[in-house]
$ cat my_file37.txt   # compact mmCIF, C-alpha atoms
# COMPACT_ATOMS: atom_id res chain seq x y z
CA MET Y 1 -15.00 4.28 -34.38
CA ARG Y 2 -18.53 4.39 -33.03
CA PHE Y 3 -17.45 2.16 -30.12
CA VAL Y 4 -14.64 4.59 -29.30
CA ARG Y 5 -16.99 7.60 -29.43
CA ASP Y 6 -19.66 5.87 -27.34
CA ASN Y 7 -17.12 4.88 -24.68
CA SER Y 8 -14.75 7.82 -25.02
CA LEU Y 9 -15.10 8.94 -21.38
CA SER Y 10 -14.14 5.51 -19.95
CA LEU Y 11 -11.43 4.97 -22.57
CA PHE Y 12 -9.93 8.42 -21.98
CA PHE Y 13 -9.66 7.87 -18.24
CA LEU Y 14 -8.35 4.31 -18.71
CA ALA Y 15 -5.63 5.66 -21.02
CA ILE Y 16 -4.53 8.50 -18.73
CA PHE Y 17 -4.71 6.15 -15.71
CA LEU Y 18 -2.32 3.70 -17.39
CA ALA Y 19 -0.04 6.52 -18.55
CA ALA Y 20 0.08 8.05 -15.05
CA LEU Y 21 0.67 4.63 -13.42
CA ALA Y 22 3.52 3.93 -15.86
CA GLY Y 23 4.97 7.37 -15.13
CA GLN Y 24 4.69 6.74 -11.38
CA ALA Y 25 6.43 3.38 -11.82
CA LEU Y 26 9.33 4.93 -13.74
CA VAL Y 27 9.94 7.94 -11.49
CA GLY Y 28 9.27 5.88 -8.35
CA HIS Y 29 11.91 3.38 -9.50
CA GLY Y 30 14.35 6.23 -10.11
CA GLN Y 31 13.68 7.73 -6.68
CA PHE Y 32 13.98 4.33 -4.97
CA ASN Y 33 17.38 3.68 -6.55
CA HIS Y 34 18.49 7.23 -5.68
CA ASP Y 35 17.69 6.48 -2.01
CA GLN Y 36 19.44 3.12 -2.28
CA LEU Y 37 22.66 4.78 -3.46
CA LEU Y 38 22.47 7.41 -0.69
CA HIS Y 39 22.20 4.55 1.83
CA HIS Y 40 25.08 2.61 0.22
CA GLY Y 41 22.58 0.06 -1.11
CA ASP Y 42 22.40 -1.63 -4.48
CA PRO Y 43 20.00 -0.38 -7.19
CA ILE Y 44 17.19 -2.77 -8.11
CA SER Y 45 15.59 -3.55 -11.48
CA LEU Y 46 12.31 -2.00 -12.60
CA GLY Y 47 10.63 -5.42 -12.47
CA ARG Y 48 11.66 -5.90 -8.87
CA TYR Y 49 10.51 -2.38 -7.97
CA LEU Y 50 7.08 -3.06 -9.52
CA THR Y 51 6.60 -6.05 -7.20
CA SER Y 52 7.99 -4.26 -4.15
CA SER Y 53 5.96 -3.18 -1.15
CA GLU Y 54 7.30 0.37 -1.64
CA PHE Y 55 5.53 0.69 -5.02
CA ALA Y 56 2.43 -1.17 -3.79
CA VAL Y 57 1.86 1.08 -0.78
CA ASP Y 58 2.24 4.26 -2.84
CA VAL Y 59 -0.36 2.99 -5.34
CA ALA Y 60 -2.80 1.49 -2.83
CA GLU Y 61 -2.94 4.47 -0.48
CA ASN Y 62 -4.24 6.65 -3.31
CA TRP Y 63 -6.64 4.03 -4.65
CA GLN Y 64 -8.31 3.48 -1.29
CA SER Y 65 -8.95 7.17 -0.77
CA GLU Y 66 -10.46 7.58 -4.24
CA TYR Y 67 -12.82 4.65 -3.78
CA LEU Y 68 -13.74 5.89 -0.29
CA GLN Y 69 -14.50 9.31 -1.75
CA PHE Y 70 -16.93 7.91 -4.31
CA THR Y 71 -18.46 5.44 -1.84
CA LEU Y 72 -19.15 8.24 0.63
CA TYR Y 73 -20.40 10.59 -2.05
CA ILE Y 74 -22.84 8.04 -3.43
CA LEU Y 75 -24.15 7.27 0.07
CA ALA Y 76 -24.14 10.83 1.46
CA THR Y 77 -26.15 12.18 -1.47
CA VAL Y 78 -28.98 9.78 -0.62
CA TRP Y 79 -29.69 11.62 2.63
CA LEU Y 80 -27.77 14.92 2.47
CA VAL Y 81 -28.46 17.76 0.05
CA GLN Y 82 -26.78 20.97 -1.07
CA ARG Y 83 -29.40 23.45 -2.19
CA GLY Y 84 -28.47 24.86 -5.60
CA SER Y 85 -25.95 22.12 -6.47
CA PRO Y 86 -26.31 19.93 -9.58
CA GLU Y 87 -24.55 17.22 -7.53
CA SER Y 88 -27.50 17.14 -5.12
CA LYS Y 89 -31.12 16.12 -5.45
CA PRO Y 90 -33.88 18.51 -4.32
CA PRO Y 91 -34.46 18.61 -0.53
CA GLY Y 92 -37.91 17.01 -1.00
CA ASP Y 93 -36.35 13.79 -2.36
CA ILE Y 94 -34.15 12.97 0.66
CA GLY Y 95 -33.92 9.23 1.35
CA LEU Y 96 -34.12 6.03 -0.69
CA GLU Y 97 -37.20 7.26 -2.63
CA SER Y 98 -40.29 5.26 -3.64
CA ASP Y 99 -40.25 2.03 -5.67
CA GLU Y 100 -42.26 3.82 -8.31
CA LYS Y 101 -39.68 6.57 -8.72
CA GLN Y 102 -36.83 4.05 -8.65
CA ARG Y 103 -38.68 1.75 -11.14
CA VAL Y 104 -38.19 -1.44 -9.13
CA GLY Y 105 -40.39 -4.53 -8.68
CA LYS Y 106 -43.82 -4.05 -10.22
CA HIS Y 107 -42.84 -0.50 -11.28
CA ALA Y 108 -40.00 -1.76 -13.47
CA ASP Y 109 -40.50 -1.50 -17.20
CA ARG Y 110 -39.35 -3.73 -20.07
CA SER Y 111 -36.02 -1.94 -20.41
CA SER Y 112 -35.20 -2.21 -16.66
CA PRO Y 113 -32.32 -4.52 -15.64
CA ARG Y 114 -33.54 -8.04 -14.75
CA TRP Y 115 -32.59 -7.82 -11.08
CA ALA Y 116 -34.58 -4.55 -10.75
CA LYS Y 117 -37.71 -6.43 -11.81
CA LEU Y 118 -37.35 -9.59 -9.70
CA GLY Y 119 -38.02 -8.13 -6.25
CA GLY Y 120 -36.78 -9.69 -3.00
CA LEU Y 121 -33.12 -10.07 -2.06
CA ARG Y 122 -31.82 -9.75 -5.62
CA THR Y 123 -33.49 -6.38 -6.15
CA ALA Y 124 -32.34 -5.22 -2.70
CA LEU Y 125 -28.77 -6.22 -3.56
CA TYR Y 126 -28.94 -4.66 -7.02
CA SER Y 127 -30.36 -1.46 -5.49
CA SER Y 128 -27.08 -1.01 -3.57
CA SER Y 129 -24.73 -2.72 -6.03
CA LEU Y 130 -22.81 0.46 -6.84
CA VAL Y 131 -22.00 1.18 -3.20
CA ILE Y 132 -21.28 -2.50 -2.48
CA VAL Y 133 -18.72 -2.77 -5.28
CA MET Y 134 -17.12 0.61 -4.48
CA THR Y 135 -16.90 -0.40 -0.80
CA VAL Y 136 -15.25 -3.72 -1.72
CA PHE Y 137 -12.67 -1.86 -3.82
CA TRP Y 138 -12.14 0.72 -1.03
CA LEU Y 139 -11.65 -1.89 1.70
CA GLY Y 140 -9.58 -4.12 -0.60
CA SER Y 141 -7.19 -1.33 -1.52
CA TRP Y 142 -7.05 -0.11 2.10
CA LEU Y 143 -6.13 -3.64 3.19
CA ALA Y 144 -3.50 -3.75 0.43
CA GLN Y 145 -2.14 -0.39 1.69
CA SER Y 146 -1.94 -1.74 5.23
CA LEU Y 147 -0.10 -4.92 4.20
CA ALA Y 148 2.37 -3.20 1.87
CA GLY Y 149 2.81 -0.31 4.33
CA TRP Y 150 3.46 -2.79 7.14
CA SER Y 151 6.25 -4.34 5.06
CA THR Y 152 7.93 -1.01 4.24
CA TYR Y 153 7.53 0.15 7.87
CA ASN Y 154 9.25 -2.96 9.21
CA ALA Y 155 11.97 -2.75 6.53
CA ASN Y 156 12.67 0.79 7.72
CA GLN Y 157 12.67 -0.40 11.36
CA ILE Y 158 15.23 -3.10 10.50
CA ASP Y 159 17.31 -0.62 8.53
CA HIS Y 160 17.52 1.40 11.76
CA GLN Y 161 18.17 -1.75 13.83
CA ALA Y 162 14.90 -1.42 15.70
CA GLY Y 163 12.29 -4.08 16.42
CA THR Y 164 9.47 -4.90 14.02
CA VAL Y 165 5.74 -4.61 14.73
CA SER Y 166 2.80 -6.93 13.99
CA TRP Y 167 0.23 -6.02 11.33
CA LEU Y 168 -2.18 -4.93 14.07
CA GLY Y 169 0.63 -2.96 15.67
CA TYR Y 170 1.23 -1.22 12.34
CA ILE Y 171 -2.47 -0.27 12.08
CA GLY Y 172 -1.94 1.68 15.32
CA THR Y 173 1.14 3.58 14.11
CA ASN Y 174 1.23 7.24 13.18
CA GLU Y 175 2.66 6.23 9.81
CA PHE Y 176 -0.38 4.19 8.76
CA TRP Y 177 -2.79 6.97 9.73
CA ASP Y 178 -0.56 9.68 8.25
CA ARG Y 179 -0.61 7.89 4.89
CA THR Y 180 -4.38 7.36 5.19
CA LEU Y 181 -5.52 10.76 6.43
CA GLN Y 182 -3.32 12.82 4.11
CA ASN Y 183 -5.21 11.20 1.22
CA TRP Y 184 -8.66 11.37 2.83
CA GLN Y 185 -8.47 15.08 3.60
CA SER Y 186 -7.65 16.00 0.00
CA GLU Y 187 -10.53 13.87 -1.35
CA PHE Y 188 -13.02 15.33 1.10
CA LEU Y 189 -11.89 18.87 0.23
CA ALA Y 190 -12.24 18.23 -3.52
CA VAL Y 191 -15.74 16.71 -3.23
CA GLY Y 192 -17.01 19.34 -0.80
CA SER Y 193 -15.69 22.22 -2.89
CA MET Y 194 -17.16 20.71 -6.09
CA ALA Y 195 -20.60 20.49 -4.45
CA ILE Y 196 -20.55 24.15 -3.42
CA PHE Y 197 -18.67 25.63 -6.43
CA ALA Y 198 -21.24 24.08 -8.77
CA VAL Y 199 -23.97 26.17 -7.12
CA TYR Y 200 -22.49 29.40 -8.48
CA LEU Y 201 -20.08 28.39 -11.27
CA ARG Y 202 -20.81 26.76 -14.64
CA GLN Y 203 -19.09 24.74 -17.33
CA ARG Y 204 -21.05 24.96 -20.55
CA GLY Y 205 -21.71 21.50 -21.97
CA SER Y 206 -20.76 19.47 -18.89
CA PRO Y 207 -23.39 17.30 -17.19
CA GLU Y 208 -21.49 17.96 -13.95
CA SER Y 209 -22.63 21.60 -14.20
CA LYS Y 210 -26.00 23.27 -14.38
CA PRO Y 211 -26.84 24.94 -17.71
CA VAL Y 212 -25.09 28.31 -17.86
CA GLY Y 213 -28.35 30.21 -17.60
CA ALA Y 214 -29.85 28.11 -14.77
CA PRO Y 215 -30.51 30.04 -11.55
CA HIS Y 216 -28.23 29.52 -8.53
CA GLU Y 217 -31.19 28.19 -6.51
CA ALA Y 218 -31.94 25.34 -8.97
CA THR Y 219 -30.98 22.04 -7.31
CA GLY Y 220 -30.31 18.74 -9.10
CA VAL Y 221 -30.37 20.25 -12.55
CA GLU Y 222 -27.64 18.96 -14.85
CA GLY Y 223 -26.61 20.71 -18.04
CA MET X 224 -20.46 -8.89 -5.51
CA ASP X 225 -20.23 -10.59 -8.91
CA LEU X 226 -17.67 -13.19 -9.90
CA ALA X 227 -15.36 -10.76 -11.72
CA THR X 228 -15.29 -8.40 -8.73
CA GLY X 229 -14.62 -11.32 -6.38
CA ARG X 230 -11.75 -12.49 -8.56
CA SER X 231 -10.31 -8.97 -8.74
CA ALA X 232 -10.50 -8.61 -4.95
CA ALA X 233 -8.86 -12.01 -4.43
CA LEU X 234 -6.10 -11.15 -6.91
CA ALA X 235 -5.50 -7.78 -5.22
CA LEU X 236 -5.29 -9.48 -1.82
CA ALA X 237 -2.89 -12.14 -3.13
CA LEU X 238 -0.69 -9.42 -4.66
CA ALA X 239 -0.80 -7.40 -1.44
CA LEU X 240 0.17 -10.45 0.63
CA ALA X 241 2.97 -11.22 -1.82
CA VAL X 242 4.45 -7.72 -1.63
CA ALA X 243 3.94 -7.63 2.14
CA GLY X 244 6.46 -10.44 2.45
CA CYS X 245 4.17 -13.40 3.05
CA GLY X 246 5.26 -16.41 1.03
CA ARG X 247 8.97 -15.56 1.14
CA ASP X 248 10.12 -18.89 2.57
CA GLY X 249 13.18 -18.94 0.30
CA ASP X 250 14.40 -15.61 1.64
CA ARG X 251 13.72 -16.65 5.24
CA GLN X 252 15.79 -19.80 4.74
CA ALA X 253 18.56 -17.79 3.09
CA VAL X 254 18.83 -15.23 5.91
CA ARG X 255 18.79 -17.98 8.56
CA ALA X 256 21.64 -19.71 6.71
CA VAL X 257 23.71 -16.50 6.48
CA ALA X 258 23.16 -15.57 10.15
CA GLY X 259 23.85 -19.11 11.39
CA GLY X 260 26.87 -19.43 9.09
CA PHE X 261 28.35 -16.16 10.35
CA TYR X 262 28.06 -17.13 14.02
CA ALA X 263 29.51 -20.60 13.30
CA ALA X 264 32.42 -19.08 11.33
CA VAL X 265 33.25 -16.61 14.14
CA ALA X 266 33.09 -19.38 16.79
CA GLN X 267 35.37 -21.59 14.66
CA HIS X 268 37.78 -18.66 13.97
CA HIS X 269 37.20 -18.79 10.23
CA GLY X 270 37.64 -15.05 9.76
CA GLU X 271 37.59 -15.00 5.94
CA ARG X 272 34.41 -17.04 5.83
CA ALA X 273 32.73 -14.79 8.41
CA CYS X 274 33.78 -11.57 6.62
CA ALA X 275 32.36 -12.83 3.32
CA LEU X 276 28.91 -12.79 4.97
CA LEU X 277 29.13 -9.12 6.02
CA SER X 278 27.93 -6.17 3.96
CA ALA X 279 30.66 -3.94 2.51
CA ASP X 280 29.76 -1.10 4.93
CA THR X 281 29.81 -3.36 7.99
CA ARG X 282 33.14 -4.90 6.96
CA MET X 283 34.60 -1.41 6.51
CA ALA X 284 33.21 -0.20 9.85
CA LEU X 285 34.76 -3.19 11.65
CA GLU X 286 38.15 -2.64 10.00
CA GLN X 287 38.13 1.06 10.92
CA GLN X 288 37.02 0.36 14.47
CA GLU X 289 39.66 -2.34 15.11
CA SER X 290 42.37 -0.91 12.81
CA GLU X 291 43.08 -4.34 11.33
CA PRO X 292 41.86 -6.52 8.48
CA CYS X 293 38.32 -7.82 8.78
CA ALA X 294 39.35 -11.50 8.94
CA ARG X 295 41.40 -10.86 12.08
CA ALA X 296 39.08 -8.30 13.68
CA VAL X 297 35.99 -10.46 13.30
CA GLU X 298 37.53 -13.30 15.29
CA LYS X 299 37.74 -11.00 18.33
CA LEU X 300 33.99 -10.50 18.48
CA SER X 301 32.48 -12.12 21.54
CA LEU X 302 29.79 -14.06 19.70
CA LYS X 303 28.88 -17.57 20.83
CA ALA X 304 27.80 -20.15 18.27
CA GLU X 305 24.02 -19.92 18.26
CA ARG X 306 21.41 -21.50 16.06
CA PRO X 307 18.86 -19.31 14.27
CA ALA X 308 15.40 -19.41 15.84
CA THR X 309 13.10 -17.15 13.83
CA ALA X 310 13.51 -15.00 10.74
CA GLU X 311 11.51 -12.05 9.40
CA VAL X 312 11.89 -10.63 5.89
CA TYR X 313 10.38 -7.30 4.77
CA SER X 314 11.17 -5.81 1.40
CA SER X 315 14.99 -5.91 1.12
CA GLU X 316 15.62 -6.04 4.90
CA ALA X 317 15.59 -8.97 7.30
CA LEU X 318 16.29 -9.89 10.90
CA VAL X 319 17.11 -13.25 12.44
CA ARG X 320 16.65 -14.01 16.14
CA LEU X 321 19.08 -16.60 17.50
CA VAL X 322 18.35 -19.19 20.16
CA GLY X 323 20.64 -17.49 22.72
CA GLY X 324 18.85 -14.13 22.41
CA ASP X 325 21.08 -12.29 19.91
CA THR X 326 19.53 -10.64 16.86
CA VAL X 327 21.20 -10.28 13.44
CA PHE X 328 20.16 -7.67 10.86
CA LEU X 329 20.62 -8.31 7.13
CA GLY X 330 20.12 -6.49 3.85
CA ASP X 331 19.59 -7.87 0.35
CA THR X 332 22.59 -6.85 -1.79
CA ALA X 333 23.70 -7.55 -5.35
CA HIS X 334 25.69 -10.49 -3.87
CA GLY X 335 22.76 -11.88 -1.88
CA TRP X 336 21.78 -11.43 1.77
CA ARG X 337 24.59 -9.89 3.82
CA ILE X 338 24.80 -8.98 7.52
CA SER X 339 24.57 -5.28 8.42
CA ALA X 340 24.62 -5.77 12.22
CA ALA X 341 25.21 -8.72 14.56
CA GLY X 342 25.38 -9.47 18.26
CA CYS X 343 22.42 -7.15 18.84
CA GLN X 344 20.28 -6.92 21.96
CA MET X 345 16.84 -5.60 21.04
CA LYS X 346 15.34 -2.61 22.84
CA GLY X 347 11.84 -2.71 21.38
CA ASP X 348 10.52 -0.93 18.31
CA ARG X 349 11.10 2.64 19.53
CA GLU X 350 14.90 2.67 19.84
CA PRO X 351 17.79 1.02 18.03
CA ALA X 352 19.29 -2.21 19.35
CA ASP X 353 22.69 -2.37 21.08
CA CYS X 354 24.99 -4.18 18.63
CA GLU X 355 28.45 -5.71 18.99
CA LEU X 356 29.00 -5.18 15.26
CA GLU X 357 27.19 -2.68 13.01
CA ASP X 358 27.70 -0.54 9.92
$ encode --input "my_file37.txt" --output "structure tokens"
Amino acid sequence: MRFVRDNSLSLFFLAIFLAALAGQALVGHGQFNHDQLLHHGDPISLGRYLTSSEFAVDVAENWQSEYLQFTLYILATVWLVQRGSPESKPPGDIGLESDEKQRVGKHADRSSPRWAKLGGLRTALYSSSLVIVMTVFWLGSWLAQSLAGWSTYNANQIDHQAGTVSWLGYIGTNEFWDRTLQNWQSEFLAVGSMAIFAVYLRQRGSPESKPVGAPHEATGVEG
Amino acid sequence: MDLATGRSAALALALALAVAGCGRDGDRQAVRAVAGGFYAAVAQHHGERACALLSADTRMALEQQESEPCARAVEKLSLKAERPATAEVYSSEALVRLVGGDTVFLGDTAHGWRISAAGCQMKGDREPADCELED
């Protein structure tokens, strides 16, 4: 039980992620077969839908935008600030900060991760490991979106007896960028509004918010 | 990037390539066989055999257009026997280009790959092809 309590945030989001993905699979399958019948096609099984490019592109286009959002947020908050926001550090701390403040190399203590103590390339890599991994997931899911989207685009072209396009050709289509940008704009709006809302609004008990009584001008204070 | 992340990325890429249609040699062979078989059957005046390779909608469209049974109507199509050259498969749709320049469109049905349009001259990716036979 202690494990569950200590990891409840990760476990909660893992559980609702799996539930939402299962729900998307079921209703997506239903919608796909509805379209098939309207086009005089044959319904397909759930298993076949789960391995189809139609399901893959719908999943991947949302994944890539979420990982991009966090990648950008992690990077942007190194150099950009929002005065009064708990999401931001104080304007005086802009940049990568000193080794002493970041507790790397000779400033690391006994409890620091091993790669923070070693110095050199390993510490440099570990110092950006969060952004590196998030970027890999962003680019990986964006590539997956492009490949699955290319397949559904060409299937639609063939269904309309038109010629197919290469993968590079697909990257230049309105469809690829429509799928991409419609997700990006919503992520950017959500992050930007969170940064500014948190200056003036509070949620008691949440570390994403300042303490209820903290002044609006206080920056980088988490409740 | 650690090993687990590398493996996850490789798995995601393999899955993406799989759903994108790469590694579908079996389907490509199947659509080439159906397209080639249809053209051979028409050239040899085997109407029943040719009609069995058409989708239900295409068969119906041909019968309505010619006002006669498919097996007889299909033999009147001016299609020369041509060998398949290249095949592309995406999701449940496919096209086969024949050596003489014709293109055949196919869809994956409950009965296997069936022809939705044949005798088509392509007009690029921005407008539909001109087809001798279509649904």
$ closest_atom_pairs --input "my_file37.txt" --of "chain Y" --to "chain X" --cutoff "6 Å" --atoms "only C-alpha atoms" --output "tab-separated table"
residue	atom	partner	partner_atom	distance
Y:Asp42	CA	X:Thr332	CA	5.9
Y:Ser52	CA	X:Val242	CA	5.6
Y:Ser53	CA	X:Val242	CA	4.8
Y:Ala144	CA	X:Ala239	CA	4.9
Y:Leu147	CA	X:Ala243	CA	5.3
Y:Ala148	CA	X:Ala243	CA	4.7
Y:Ser151	CA	X:Ala243	CA	5.0
Y:Ala155	CA	X:Tyr313	CA	5.1
Y:Gln161	CA	X:Pro351	CA	5.0
Y:Ala162	CA	X:Pro351	CA	4.4
Y:Gly163	CA	X:Asp348	CA	4.1
Y:Thr164	CA	X:Asp348	CA	5.9
$ atom_distance --input "my_file37.txt" --atom1 "CA of Phe176 (chain Y)" --atom2 "CA of Tyr153 (chain Y)"
8.9 Å
$ axis_aligned_box --input "my_file37.txt" --around "region 267-271 of chain X" --padding-each-side "4 Å" --output "JSON"
{"center_x": 36.6, "center_y": -18.3, "center_z": 10.3, "size_x": 10.4, "size_y": 14.6, "size_z": 16.7}
$ closest_residue --input "my_file37.txt" --among "X:Asp248, X:Ser301, X:Phe261, X:Ala275" --to "Gly335 (chain X)" --atoms "all atoms listed in the file"
X:Ala275
$ atom_distance --input "my_file37.txt" --atom1 "CA of Gly342 (chain X)" --atom2 "CA of Trp150 (chain Y)"
25.5 Å
